[in-house]
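Novice: After the structure tokens below, expect a handful of questions from me.
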Amino acid sequence: MLVSLKDAKEILLKGGNVIVPTETVYGLAGSINHIDAIQNIYSLKGRPKKNPLIVHVDSIERSLQLVKEVPNSFFLLTEAFWPGPLTLIVEAKKGIDPQITGGLATVAIRLPNHEVTRTLIKEVGPIAAPSANLSGKPSSTLLSHLEEDFGKDFPILEGPEPSCGLESTILGWIDGKWRMLRYGYIPKEAIEEILQESIDDSNLKISPGSQFKHYSPNAELFSEKERLSEADAFIGFSNRNYSIELPFYSLGRDTDPISLAQSLFAVFRRLDQDGRKRVWIDADLPSSGIFATILERISKAIAG
Ligand code: TXA
Ligand code: MG
């Protein structure tokens, strides 16, 4: 159920939960000052308690109130990519509730590039918001996904739908270096260019979220050509010629990674709506830029 900015504000200030659009995917929000709202996020999603949440702020100054100290390169990154799909994990200030951080000493922060949601945050203060999907399912990029997971009556802040379609990139400040903790919408190469150093991505397992099942449709997904005969549908690209006589789910043109990113989760969800059981996916893509993130999400969906 779409609600106005004014109503969303009232719900959050009273300690309730609202789904908010961001530029990446929808988020299931609660005010960081209402621990009931934070606890509810976990139960609404069926999310393991040890999987911490991202705190969304409306300014760089606000982010600094939540953290102990940050390296100078924090500002290089925030100036280059905020507002936008980059989450930074640094040491948390004392007093941030352990239910937000999963009991870790660090906190994940991002400044979303979404006007309406930023205005909401400005008015109610920082909000914790994981992706608005049942735990294990693909993130929600369309209003219909939210209804599927949370029902028709759940309040959703009215505003433009997510445009990226993939979650934020997560960097963690660990032992004096920024390390990639999750591939996301901002490509690794873009971060390396700003920092003028290469980013270590051998720590992807550090994020609690990486231990849990993710991004998966219920349908079994596989990419081996030899297994095509088992499939009841397939996913591919609109500009490639396939001689496969199965229902076809198109991700768009393989030359347009931005629109591939936008359609990926919606296609995963359509497989389940259509009751597909075994689906072949064409995963023959380049491994740089946003393609790297798309490939990572596909391989997680295959593993799930
Ligand atoms: O684009 C996004 O980032 C979306 C929108 C709504 O902002 N949010 C999102 O949140 O994807 P979520 O909860 O689905 O994924 C956040 C990931 C999880 O894997 C979690 O384990 C990790 O961030 N994370 C959060 N705090 C952390 C911390 N202190 N240390 C390590 N990993 C952390
Ligand atoms: Mg998520």
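In the structure tokens, the first chain shown is A, the next is B, and so on; residue numbers restart at 1 for each chain, and ligands run from 1 in the order shown.
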Pick out the residues sitting within 12 Å of Val279 in chain A, and hand them over as a PyMOL selection string; count only C-alpha atoms, and ignore anything fewer than 4 positions along from it in its own chain.
Specialist: chain A and resi 217-225+227-236+246-249+267-268+270-272+274-275+301-302
Novice: Quick one: residues within 7 Å of ligand 1, with only C-alpha atoms and all ligand atoms, as a PyMOL selection string?
Specialist: chain A and resi 22+24-28+51-54+85+87+89+101+104+106-108+112+129-132+166-170+206-210
Novice: Report as a PyMOL selection string: the residues of range 124-272 of chain A with a DSSP assignment of alpha helix (DSSP H), based on the backbone of this structure.
Specialist: chain A and resi 124+143-150+188-195+257-272
Novice: Extract, using only C-alpha atoms, all DNA, RNA and protein residues at most 8 Å from range 172-178 of chain A, discarding same-chain residues fewer than 6 positions from it, and format them as a list of chain:residue names.
Specialist: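 My reading of the contact set: A:Leu88, A:Ile89, A:Val90, A:Ile199, A:Asp200.
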Novice: Would you please give, as a list in words, all residues of range 46-88 of chain A that DSSP assigns to strand (DSSP E) based on the backbone?
Specialist: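 Strand (DSSP E) assignments inside range 46-88 of chain A correspond to Ile54, Val55, His56, Leu86, Thr87 and Leu88 of chain A.
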Novice: Mind dumping the selected residues with N, CA and C atoms as an mmCIF file, in the first residue's frame?
Specialist:
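Listing of again.cif after writing:
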data_model
loop_
_atom_site.group_PDB
_atom_site.id
_atom_site.type_symbol
_atom_site.label_atom_id
_atom_site.label_comp_id
_atom_site.auth_asym_id
_atom_site.auth_seq_id
_atom_site.Cartn_x
_atom_site.Cartn_y
_atom_site.Cartn_z
ATOM 1 N N ILE A 54 22.284 -2.310 7.090
ATOM 2 C CA ILE A 54 22.922 -1.073 6.627
ATOM 3 C C ILE A 54 22.139 0.116 7.184
ATOM 4 N N VAL A 55 22.862 1.085 7.756
ATOM 5 C CA VAL A 55 22.216 2.312 8.203
ATOM 6 C C VAL A 55 22.271 3.329 7.065
ATOM 7 N N HIS A 56 21.105 3.895 6.741
ATOM 8 C CA HIS A 56 21.001 4.868 5.649
ATOM 9 C C HIS A 56 20.907 6.270 6.237
ATOM 10 N N LEU A 86 27.057 2.885 -2.827
ATOM 11 C CA LEU A 86 28.267 2.409 -2.147
ATOM 12 C C LEU A 86 28.019 2.394 -0.644
ATOM 13 N N THR A 87 28.249 1.243 -0.017
ATOM 14 C CA THR A 87 28.135 1.112 1.438
ATOM 15 C C THR A 87 29.530 0.977 2.019
ATOM 16 N N LEU A 88 29.797 1.754 3.084
ATOM 17 C CA LEU A 88 31.111 1.702 3.720
ATOM 18 C C LEU A 88 30.972 1.145 5.134
#
Novice: Distance CA of Ser63 in chain A-CA of Thr78 in chain A, one decimal place?
Specialist: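 CA of Thr78 in chain A lies at a distance of 10.2 Å from CA of Ser63 in chain A.
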Novice: Residues within 8 Å of Pro187 in chain A, please, as a PyMOL selection string. Count only C-alpha atoms; anything in the same chain fewer than 6 positions from it doesn't count.
Specialist: chain A and resi 169+288-290+292-293
Novice: Determine the nearest neighbour of ligand 2 from the options A:Lys14, A:His34, A:Lys50, A:Lys45, counting only C-alpha atoms and all ligand atoms.
Specialist: A:Lys45
Novice: Quick one: residues within 10 Å of Asp149 in chain A, only C-alpha atoms, excluding same-chain residues fewer than 6 positions away - as a PyMOL selection string?
Specialist: chain A and resi 44-45+132-135+137+140
Novice: Write the residues of the preceding selection, restricted to N, CA, C and O atoms, as a PDB file, in the first residue's frame.
Specialist:
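Final output, selection23.pdb:
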ATOM      1  N   LEU A  44      10.107  -9.866  10.144  1.00  0.00           N
ATOM      2  CA  LEU A  44       9.358  -9.715   8.886  1.00  0.00           C
ATOM      3  C   LEU A  44      10.055 -10.416   7.727  1.00  0.00           C
ATOM      4  O   LEU A  44       9.421 -10.992   6.851  1.00  0.00           O
ATOM      5  N   LYS A  45      11.390 -10.346   7.721  1.00  0.00           N
ATOM      6  CA  LYS A  45      12.160 -10.958   6.619  1.00  0.00           C
ATOM      7  C   LYS A  45      12.485 -12.418   6.857  1.00  0.00           C
ATOM      8  O   LYS A  45      12.877 -13.126   5.939  1.00  0.00           O
ATOM      9  N   ALA A 132      14.302  -5.246   0.857  1.00  0.00           N
ATOM     10  CA  ALA A 132      12.929  -5.617   1.231  1.00  0.00           C
ATOM     11  C   ALA A 132      12.495  -6.876   0.488  1.00  0.00           C
ATOM     12  O   ALA A 132      11.788  -6.818  -0.511  1.00  0.00           O
ATOM     13  N   ASN A 133      12.968  -8.014   0.992  1.00  0.00           N
ATOM     14  CA  ASN A 133      12.585  -9.298   0.413  1.00  0.00           C
ATOM     15  C   ASN A 133      12.630 -10.314   1.541  1.00  0.00           C
ATOM     16  O   ASN A 133      13.315 -10.103   2.538  1.00  0.00           O
ATOM     17  N   LEU A 134      11.896 -11.402   1.395  1.00  0.00           N
ATOM     18  CA  LEU A 134      12.023 -12.467   2.379  1.00  0.00           C
ATOM     19  C   LEU A 134      13.443 -12.989   2.286  1.00  0.00           C
ATOM     20  O   LEU A 134      14.031 -13.049   1.200  1.00  0.00           O
ATOM     21  N   SER A 135      14.013 -13.358   3.436  1.00  0.00           N
ATOM     22  CA  SER A 135      15.397 -13.806   3.487  1.00  0.00           C
ATOM     23  C   SER A 135      15.626 -14.940   2.475  1.00  0.00           C
ATOM     24  O   SER A 135      14.850 -15.886   2.421  1.00  0.00           O
ATOM     25  N   LYS A 137      15.397 -14.760  -0.793  1.00  0.00           N
ATOM     26  CA  LYS A 137      14.818 -14.448  -2.110  1.00  0.00           C
ATOM     27  C   LYS A 137      15.583 -13.309  -2.780  1.00  0.00           C
ATOM     28  O   LYS A 137      16.295 -12.552  -2.110  1.00  0.00           O
ATOM     29  N   SER A 140      13.908  -6.951  -4.028  1.00  0.00           N
ATOM     30  CA  SER A 140      12.732  -6.441  -4.747  1.00  0.00           C
ATOM     31  C   SER A 140      13.075  -5.205  -5.550  1.00  0.00           C
ATOM     32  O   SER A 140      13.655  -4.255  -5.022  1.00  0.00           O
TER      33      SER A 140
END
Novice: With distances taken over only C-alpha atoms, which of A:Leu66, A:Leu76, A:Leu157, A:Leu143 is nearest to Glu10 in chain A?
Specialist: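 Ranking A:Leu66, A:Leu76, A:Leu157, A:Leu143 by distance to Glu10 in chain A, first place goes to A:Leu157.
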Novice: Let me make sure I understand: among A:Ser139, A:Asn40, A:Thr119, A:Asn239, which one has the smallest atom-to-atom distance to ligand 2 if we use only C-alpha atoms and all ligand atoms?
Specialist: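 For ligand 2, the nearest of the given residues is A:Ser139.
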Novice: Have a look at A:Pro286, A:Gly136, A:Pro48, A:Gly15 and name the one nearest to ligand 2; count only C-alpha atoms and all ligand atoms.
Specialist: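 The shortest atom-to-atom distance to ligand 2 comes from A:Gly136.
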Novice: Choose the residue, out of A:Lys205, A:Lys277, A:Lys9, A:Arg297, that has the smallest atom-to-atom separation from ligand 2; count only C-alpha atoms and all ligand atoms.
Specialist: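 Of all the options, A:Arg297 lies closest to ligand 2.
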Novice: Using only C-alpha atoms and all ligand atoms, can you tell me which of A:Phe74, A:Tyr185, A:Tyr215, A:Tyr42 comes closest to ligand 2?
Specialist: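 So, comparing all the options, the nearest one is A:Tyr215.
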Novice: Expressed in Å to a single decimal, how great is the separation between CA of Gly159 in chain A and CA of Ala266 in chain A?
Specialist: 18.8 Å
